[in-house]
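Peer 1: So that we are looking at the same thing, I have put the structure below in structure tokens.
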Amino acid sequence: MANSAPIGVFDSGVGGLSVLREIHAQLPHEALLYVADSGHVPYGEKSAEFIRERSQRIAEFLLGQGAKALVLACNTATVAAVADLRERYPDLPIVGMEPAVKPAAAATRSGVVGVLATTGTLKSARFAALLDRFASDVRVVTQPCPGLVECVEAGDLDSPSVRQLLQGYVAPLLAAGCDTLILGCTHYPFLRPLLRELVPADVALIDTGAAVARQLQRLLEQDDALAAQPTSHPAQFWSSGAPAQLEQILPLLWGSSAVVRALPE
Ligand code: DGL
């Protein structure tokens, strides 16, 4: 596989763009492919089996486009599908993501950590194992957030209705004494400015986008697979939903416009 080959990144929708931004900032020479499975968003309330099947199909597509590595820029897809993908592609660098329980447990002073994530992530065995491993000394309060992903998908980052929804999710965590909130879904970093308005200034907000980009860099370094030259290809985008909708939202969430193609069935 050539070092100039692209990195394939996917999510249930636009949330993974928060991770794509971190990857681009950390590894600006790399060519990037992004698939938004917006035809099937949200993943948060779907079965693990359905998400595994979607992840498998998207991985096949990205590998067909020549991807040298895969990033599951989605916590929900990671709990459902990363083990299966690693088994299928044992030689491929694959990076998944999980809620930042370890850094949050290290950072909290009150000893109470809140996790905002999808229902699928919070009820998974993988998340339970993460708590067993890293959160034995702290209290963790979890909060599923149905509806938030749909707001971000629609480009609604600060309307009165998203503010009210988010306020309702954050209030019980603050009441429980959380001084550290984990953004355990890749859509939520786009709501960070709004969250900052809703929580006291000394409450820390933690997500894992930058850590994922660093882990990707480590894996590519290990394989001597980092791009040697700056890519001449801008990031390429596909959507299983309406390409025009992703095109419209890219300037807001990715920072520049691009053509979006329909993901082949
Ligand atoms: N962005 C995803 C995550 O990180 C999933 C959102 C969804 O489709 O429910 O969990």
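The chains in the structure tokens are called A, B, ... from first to last as shown; in each chain the residues are counted from 1, and the ligands are counted from 1 in the order shown.
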Output as a tab-separated table one row per residue of chain A within 10 Å of ligand 1: the closest atom pair and its distance in Å to one decimal place, counting only C-alpha atoms and all ligand atoms, sorted by chain and residue number ascending.
Peer 2:
```
residue	atom	partner	partner_atom_place_in_ligand_line	distance
A:Phe10	CA	ligand 1	1 (N)	9.4
A:Asp11	CA	ligand 1	1 (N)	5.9
A:Ser12	CA	ligand 1	8 (O)	4.6
A:Gly13	CA	ligand 1	8 (O)	6.4
A:Val14	CA	ligand 1	1 (N)	7.4
A:Gly15	CA	ligand 1	1 (N)	4.6
A:Gly16	CA	ligand 1	1 (N)	6.1
A:Leu17	CA	ligand 1	1 (N)	9.3
A:Ser18	CA	ligand 1	1 (N)	9.3
A:Val19	CA	ligand 1	4 (O)	9.7
A:Ala36	CA	ligand 1	1 (N)	9.9
A:Asp37	CA	ligand 1	8 (O)	8.6
A:Ser38	CA	ligand 1	8 (O)	8.3
A:His40	CA	ligand 1	8 (O)	7.8
A:Val41	CA	ligand 1	8 (O)	4.7
A:Pro42	CA	ligand 1	8 (O)	3.2
A:Tyr43	CA	ligand 1	8 (O)	3.6
A:Gly44	CA	ligand 1	9 (O)	3.3
A:Glu45	CA	ligand 1	9 (O)	6.5
A:Lys46	CA	ligand 1	9 (O)	8.2
A:Ile51	CA	ligand 1	8 (O)	9.6
A:Leu72	CA	ligand 1	4 (O)	8.7
A:Ala73	CA	ligand 1	4 (O)	6.5
A:Cys74	CA	ligand 1	4 (O)	3.4
A:Asn75	CA	ligand 1	4 (O)	3.8
A:Thr76	CA	ligand 1	10 (O)	3.9
A:Ala77	CA	ligand 1	10 (O)	6.7
A:Thr78	CA	ligand 1	10 (O)	8.1
A:Val79	CA	ligand 1	10 (O)	9.0
A:Gly96	CA	ligand 1	4 (O)	10.0
A:Met97	CA	ligand 1	4 (O)	7.8
A:Glu98	CA	ligand 1	4 (O)	8.2
A:Pro99	CA	ligand 1	4 (O)	8.7
A:Leu116	CA	ligand 1	10 (O)	9.8
A:Ala117	CA	ligand 1	10 (O)	6.5
A:Thr118	CA	ligand 1	9 (O)	5.7
A:Thr119	CA	ligand 1	9 (O)	8.0
A:Gly120	CA	ligand 1	9 (O)	7.8
A:Thr121	CA	ligand 1	10 (O)	6.6
A:Leu122	CA	ligand 1	10 (O)	9.7
A:Cys145	CA	ligand 1	9 (O)	9.0
A:Pro146	CA	ligand 1	9 (O)	7.8
A:Gly147	CA	ligand 1	9 (O)	8.7
A:Leu148	CA	ligand 1	9 (O)	8.6
A:Val149	CA	ligand 1	6 (C)	5.8
A:Glu150	CA	ligand 1	7 (C)	8.3
A:Val152	CA	ligand 1	6 (C)	9.7
A:Glu153	CA	ligand 1	8 (O)	9.4
A:Leu183	CA	ligand 1	4 (O)	8.8
A:Gly184	CA	ligand 1	4 (O)	6.4
A:Cys185	CA	ligand 1	4 (O)	3.3
A:Thr186	CA	ligand 1	4 (O)	3.9
A:His187	CA	ligand 1	1 (N)	4.9
A:Tyr188	CA	ligand 1	1 (N)	7.8
A:Pro189	CA	ligand 1	4 (O)	9.9
```
Peer 1: I'd like the neighbourhood of segment 192-195 of chain A as a list in words, where a residue qualifies if any of its atoms comes within 9 Å (using only C-alpha atoms), though same-chain residues fewer than 2 positions away should be ignored.
Peer 2: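 Residues meeting the cut-off are Leu157, Asp158, Arg163, Leu166, Gln167, Val170, Leu183, Tyr188, Pro189, Phe190, Glu197, Leu198, Val199 and Leu205 of chain A.
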Peer 1: For C-alpha atoms, I'd like the residues from the last selection saved as a PDB file, in the first residue's frame.
Peer 2:
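Now in result07.pdb:
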```
ATOM      1  CA  LEU A 157     -26.099  24.132  17.127  1.00  0.00           C
ATOM      2  CA  ASP A 158     -27.746  26.910  19.159  1.00  0.00           C
ATOM      3  CA  ARG A 163     -30.572  24.647  24.101  1.00  0.00           C
ATOM      4  CA  LEU A 166     -29.185  19.995  26.140  1.00  0.00           C
ATOM      5  CA  GLN A 167     -30.059  21.863  29.335  1.00  0.00           C
ATOM      6  CA  VAL A 170     -26.893  18.425  31.612  1.00  0.00           C
ATOM      7  CA  LEU A 183     -18.662  14.157  25.310  1.00  0.00           C
ATOM      8  CA  TYR A 188     -21.430  16.574  20.627  1.00  0.00           C
ATOM      9  CA  PRO A 189     -18.155  18.528  20.221  1.00  0.00           C
ATOM     10  CA  PHE A 190     -20.082  20.719  17.768  1.00  0.00           C
ATOM     11  CA  GLU A 197     -22.839  28.572  28.180  1.00  0.00           C
ATOM     12  CA  LEU A 198     -24.896  25.995  30.072  1.00  0.00           C
ATOM     13  CA  VAL A 199     -22.322  24.701  32.576  1.00  0.00           C
ATOM     14  CA  LEU A 205     -15.600  19.153  28.874  1.00  0.00           C
TER      15      LEU A 205
END
```
Peer 1: Can you check which residues of segment 88-239 of chain A DSSP gives as strand (DSSP E) on the backbone and send them as an mmCIF file with all heavy atoms, in the first residue's frame?
Peer 2:
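Writing done, so here's selection-v3.cif:
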```
data_model
loop_
_atom_site.group_PDB
_atom_site.id
_atom_site.type_symbol
_atom_site.label_atom_id
_atom_site.label_comp_id
_atom_site.auth_asym_id
_atom_site.auth_seq_id
_atom_site.Cartn_x
_atom_site.Cartn_y
_atom_site.Cartn_z
ATOM 1 N N ILE A 94 -6.637 0.128 12.290
ATOM 2 C CA ILE A 94 -8.034 0.522 12.540
ATOM 3 C C ILE A 94 -8.090 1.245 13.888
ATOM 4 O O ILE A 94 -7.632 0.708 14.899
ATOM 5 C CB ILE A 94 -8.966 -0.704 12.585
ATOM 6 C CG1 ILE A 94 -8.950 -1.430 11.228
ATOM 7 C CG2 ILE A 94 -10.389 -0.292 12.951
ATOM 8 C CD1 ILE A 94 -9.829 -2.675 11.173
ATOM 9 N N VAL A 95 -8.623 2.457 13.867
ATOM 10 C CA VAL A 95 -8.747 3.221 15.109
ATOM 11 C C VAL A 95 -10.227 3.414 15.416
ATOM 12 O O VAL A 95 -10.984 3.876 14.557
ATOM 13 C CB VAL A 95 -8.064 4.603 14.990
ATOM 14 C CG1 VAL A 95 -8.153 5.364 16.307
ATOM 15 C CG2 VAL A 95 -6.609 4.445 14.566
ATOM 16 N N VAL A 112 -16.852 12.988 40.775
ATOM 17 C CA VAL A 112 -18.073 12.609 40.040
ATOM 18 C C VAL A 112 -17.927 13.062 38.583
ATOM 19 O O VAL A 112 -17.678 14.235 38.299
ATOM 20 C CB VAL A 112 -19.348 13.243 40.649
ATOM 21 C CG1 VAL A 112 -20.587 12.604 40.039
ATOM 22 C CG2 VAL A 112 -19.358 13.110 42.162
ATOM 23 N N VAL A 113 -18.083 12.102 37.668
ATOM 24 C CA VAL A 113 -17.881 12.344 36.244
ATOM 25 C C VAL A 113 -19.195 12.062 35.524
ATOM 26 O O VAL A 113 -19.865 11.073 35.820
ATOM 27 C CB VAL A 113 -16.776 11.384 35.724
ATOM 28 C CG1 VAL A 113 -16.750 11.332 34.222
ATOM 29 C CG2 VAL A 113 -15.412 11.788 36.279
ATOM 30 N N GLY A 114 -19.561 12.925 34.578
ATOM 31 C CA GLY A 114 -20.778 12.701 33.790
ATOM 32 C C GLY A 114 -20.427 12.254 32.386
ATOM 33 O O GLY A 114 -19.433 12.697 31.818
ATOM 34 N N VAL A 115 -21.225 11.363 31.837
ATOM 35 C CA VAL A 115 -20.996 10.905 30.458
ATOM 36 C C VAL A 115 -22.240 11.171 29.625
ATOM 37 O O VAL A 115 -23.313 10.618 29.895
ATOM 38 C CB VAL A 115 -20.689 9.392 30.391
ATOM 39 C CG1 VAL A 115 -20.259 9.010 28.977
ATOM 40 C CG2 VAL A 115 -19.629 8.991 31.393
ATOM 41 N N LEU A 116 -22.099 12.021 28.619
ATOM 42 C CA LEU A 116 -23.158 12.241 27.630
ATOM 43 C C LEU A 116 -22.834 11.357 26.439
ATOM 44 O O LEU A 116 -21.740 11.458 25.862
ATOM 45 C CB LEU A 116 -23.168 13.710 27.197
ATOM 46 C CG LEU A 116 -23.415 14.743 28.299
ATOM 47 C CD1 LEU A 116 -22.852 16.106 27.914
ATOM 48 C CD2 LEU A 116 -24.904 14.863 28.592
ATOM 49 N N ALA A 117 -23.737 10.455 26.068
ATOM 50 C CA ALA A 117 -23.454 9.545 24.951
ATOM 51 C C ALA A 117 -24.766 8.989 24.425
ATOM 52 O O ALA A 117 -25.850 9.306 24.953
ATOM 53 C CB ALA A 117 -22.528 8.406 25.405
ATOM 54 N N ARG A 139 -17.211 8.205 40.843
ATOM 55 C CA ARG A 139 -18.615 7.904 40.553
ATOM 56 C C ARG A 139 -18.907 8.398 39.143
ATOM 57 O O ARG A 139 -18.559 9.528 38.791
ATOM 58 C CB ARG A 139 -19.485 8.623 41.588
ATOM 59 C CG ARG A 139 -20.924 8.264 41.466
ATOM 60 C CD ARG A 139 -21.724 8.796 42.665
ATOM 61 N NE ARG A 139 -23.089 8.924 42.205
ATOM 62 C CZ ARG A 139 -23.812 10.014 42.284
ATOM 63 N NH1 ARG A 139 -23.324 11.105 42.847
ATOM 64 N NH2 ARG A 139 -25.044 10.046 41.803
ATOM 65 N N VAL A 140 -19.520 7.546 38.333
ATOM 66 C CA VAL A 140 -19.824 7.927 36.951
ATOM 67 C C VAL A 140 -21.342 7.984 36.775
ATOM 68 O O VAL A 140 -22.041 7.030 37.097
ATOM 69 C CB VAL A 140 -19.211 6.922 35.957
ATOM 70 C CG1 VAL A 140 -19.627 7.258 34.530
ATOM 71 C CG2 VAL A 140 -17.686 6.918 36.078
ATOM 72 N N VAL A 141 -21.824 9.128 36.305
ATOM 73 C CA VAL A 141 -23.259 9.294 36.063
ATOM 74 C C VAL A 141 -23.463 9.372 34.552
ATOM 75 O O VAL A 141 -22.858 10.217 33.888
ATOM 76 C CB VAL A 141 -23.779 10.592 36.729
ATOM 77 C CG1 VAL A 141 -25.301 10.669 36.622
ATOM 78 C CG2 VAL A 141 -23.336 10.680 38.182
ATOM 79 N N THR A 142 -24.268 8.462 34.013
ATOM 80 C CA THR A 142 -24.427 8.429 32.554
ATOM 81 C C THR A 142 -25.732 9.109 32.128
ATOM 82 O O THR A 142 -26.728 9.058 32.854
ATOM 83 C CB THR A 142 -24.407 6.979 32.025
ATOM 84 O OG1 THR A 142 -25.460 6.248 32.648
ATOM 85 C CG2 THR A 142 -23.081 6.313 32.304
ATOM 86 N N GLN A 143 -25.694 9.702 30.944
ATOM 87 C CA GLN A 143 -26.874 10.400 30.435
ATOM 88 C C GLN A 143 -27.038 10.154 28.933
ATOM 89 O O GLN A 143 -26.308 10.730 28.123
ATOM 90 C CB GLN A 143 -26.715 11.910 30.685
ATOM 91 C CG GLN A 143 -27.843 12.751 30.142
ATOM 92 C CD GLN A 143 -29.176 12.449 30.811
ATOM 93 O OE1 GLN A 143 -29.345 12.628 32.014
ATOM 94 N NE2 GLN A 143 -30.133 11.947 30.045
ATOM 95 N N PRO A 144 -27.957 9.268 28.542
ATOM 96 C CA PRO A 144 -28.243 9.138 27.110
ATOM 97 C C PRO A 144 -28.926 10.419 26.613
ATOM 98 O O PRO A 144 -29.636 11.065 27.371
ATOM 99 C CB PRO A 144 -29.192 7.937 27.021
ATOM 100 C CG PRO A 144 -29.688 7.686 28.404
ATOM 101 C CD PRO A 144 -28.787 8.395 29.378
ATOM 102 N N THR A 180 -16.721 17.161 35.674
ATOM 103 C CA THR A 180 -16.084 16.764 34.419
ATOM 104 C C THR A 180 -17.142 16.062 33.580
ATOM 105 O O THR A 180 -17.772 15.114 34.052
ATOM 106 C CB THR A 180 -14.920 15.782 34.711
ATOM 107 O OG1 THR A 180 -14.057 16.379 35.682
ATOM 108 C CG2 THR A 180 -14.121 15.463 33.467
ATOM 109 N N LEU A 181 -17.336 16.557 32.362
ATOM 110 C CA LEU A 181 -18.340 15.946 31.477
ATOM 111 C C LEU A 181 -17.640 15.371 30.254
ATOM 112 O O LEU A 181 -16.872 16.065 29.574
ATOM 113 C CB LEU A 181 -19.380 16.979 31.023
ATOM 114 C CG LEU A 181 -20.221 17.655 32.114
ATOM 115 C CD1 LEU A 181 -21.261 18.571 31.474
ATOM 116 C CD2 LEU A 181 -20.909 16.618 33.001
ATOM 117 N N ILE A 182 -17.929 14.096 29.987
ATOM 118 C CA ILE A 182 -17.359 13.429 28.814
ATOM 119 C C ILE A 182 -18.334 13.573 27.655
ATOM 120 O O ILE A 182 -19.499 13.199 27.780
ATOM 121 C CB ILE A 182 -17.124 11.939 29.118
ATOM 122 C CG1 ILE A 182 -16.123 11.777 30.270
ATOM 123 C CG2 ILE A 182 -16.660 11.205 27.870
ATOM 124 C CD1 ILE A 182 -15.984 10.338 30.758
ATOM 125 N N LEU A 183 -17.839 14.094 26.522
ATOM 126 C CA LEU A 183 -18.662 14.157 25.310
ATOM 127 C C LEU A 183 -18.427 12.835 24.580
ATOM 128 O O LEU A 183 -17.486 12.696 23.806
ATOM 129 C CB LEU A 183 -18.269 15.355 24.448
ATOM 130 C CG LEU A 183 -18.168 16.702 25.180
ATOM 131 C CD1 LEU A 183 -17.929 17.844 24.191
ATOM 132 C CD2 LEU A 183 -19.417 16.968 26.006
ATOM 133 N N ALA A 204 -15.118 20.764 33.420
ATOM 134 C CA ALA A 204 -14.307 20.419 32.239
ATOM 135 C C ALA A 204 -15.129 19.619 31.243
ATOM 136 O O ALA A 204 -15.947 18.776 31.636
ATOM 137 C CB ALA A 204 -13.092 19.598 32.685
ATOM 138 N N LEU A 205 -14.933 19.899 29.958
ATOM 139 C CA LEU A 205 -15.600 19.153 28.874
ATOM 140 C C LEU A 205 -14.517 18.380 28.125
ATOM 141 O O LEU A 205 -13.555 18.972 27.637
ATOM 142 C CB LEU A 205 -16.300 20.120 27.921
ATOM 143 C CG LEU A 205 -17.311 21.086 28.546
ATOM 144 C CD1 LEU A 205 -17.835 22.065 27.505
ATOM 145 C CD2 LEU A 205 -18.466 20.304 29.181
ATOM 146 N N ILE A 206 -14.671 17.064 28.054
ATOM 147 C CA ILE A 206 -13.592 16.246 27.482
ATOM 148 C C ILE A 206 -14.119 15.414 26.312
ATOM 149 O O ILE A 206 -15.135 14.737 26.427
ATOM 150 C CB ILE A 206 -13.006 15.276 28.547
ATOM 151 C CG1 ILE A 206 -12.475 16.078 29.736
ATOM 152 C CG2 ILE A 206 -11.902 14.430 27.950
ATOM 153 C CD1 ILE A 206 -11.679 15.247 30.727
ATOM 154 N N GLN A 236 -12.326 13.920 0.399
ATOM 155 C CA GLN A 236 -13.471 13.516 -0.442
ATOM 156 C C GLN A 236 -14.594 13.014 0.457
ATOM 157 O O GLN A 236 -14.338 12.364 1.465
ATOM 158 C CB GLN A 236 -13.050 12.399 -1.384
ATOM 159 C CG GLN A 236 -11.971 12.816 -2.369
ATOM 160 C CD GLN A 236 -11.657 11.660 -3.303
ATOM 161 O OE1 GLN A 236 -12.478 11.272 -4.120
ATOM 162 N NE2 GLN A 236 -10.465 11.095 -3.152
ATOM 163 N N PHE A 237 -15.818 13.293 0.050
ATOM 164 C CA PHE A 237 -16.978 13.005 0.903
ATOM 165 C C PHE A 237 -18.043 12.206 0.168
ATOM 166 O O PHE A 237 -18.323 12.469 -1.004
ATOM 167 C CB PHE A 237 -17.607 14.323 1.380
ATOM 168 C CG PHE A 237 -16.685 15.159 2.230
ATOM 169 C CD1 PHE A 237 -15.829 16.087 1.640
ATOM 170 C CD2 PHE A 237 -16.643 15.001 3.607
ATOM 171 C CE1 PHE A 237 -14.957 16.852 2.417
ATOM 172 C CE2 PHE A 237 -15.781 15.760 4.389
ATOM 173 C CZ PHE A 237 -14.938 16.685 3.783
ATOM 174 N N TRP A 238 -18.637 11.254 0.906
ATOM 175 C CA TRP A 238 -19.797 10.500 0.413
ATOM 176 C C TRP A 238 -20.868 10.491 1.505
ATOM 177 O O TRP A 238 -20.537 10.508 2.696
ATOM 178 C CB TRP A 238 -19.426 9.048 0.120
ATOM 179 C CG TRP A 238 -18.577 8.841 -1.084
ATOM 180 C CD1 TRP A 238 -18.988 8.536 -2.351
ATOM 181 C CD2 TRP A 238 -17.143 8.893 -1.132
ATOM 182 N NE1 TRP A 238 -17.903 8.409 -3.185
ATOM 183 C CE2 TRP A 238 -16.755 8.621 -2.474
ATOM 184 C CE3 TRP A 238 -16.130 9.151 -0.192
ATOM 185 C CZ2 TRP A 238 -15.427 8.593 -2.879
ATOM 186 C CZ3 TRP A 238 -14.810 9.135 -0.587
ATOM 187 C CH2 TRP A 238 -14.469 8.860 -1.922
ATOM 188 N N SER A 239 -22.126 10.412 1.071
ATOM 189 C CA SER A 239 -23.217 10.285 2.035
ATOM 190 C C SER A 239 -24.203 9.235 1.550
ATOM 191 O O SER A 239 -24.489 9.158 0.347
ATOM 192 C CB SER A 239 -23.937 11.629 2.189
ATOM 193 O OG SER A 239 -25.104 11.450 2.963
#
```
Peer 1: I need the residue nearest Ala106 of chain A from this list: A:Ala81, A:Val260, A:Ala135, A:Ala128. Use only C-alpha atoms for the distance.
Peer 2: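 When distances to Ala106 of chain A are compared using only C-alpha atoms, the smallest one comes from A:Ala135.
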Peer 1: When you count only C-alpha atoms, which of these residues is closest to Gln229 of chain A: A:Ala59, A:Ala2, A:Leu246, A:Leu33?
Peer 2: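 For Gln229 of chain A, the nearest of the given residues is A:Ala2.
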Peer 1: Of the candidates A:Arg196, A:Arg52, A:Arg109, A:Arg21, which one gets nearest to Leu252 of chain A if we count only C-alpha atoms?
Peer 2: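 Between A:Arg196, A:Arg52, A:Arg109, A:Arg21, the residue approaching Leu252 of chain A most closely is A:Arg21.
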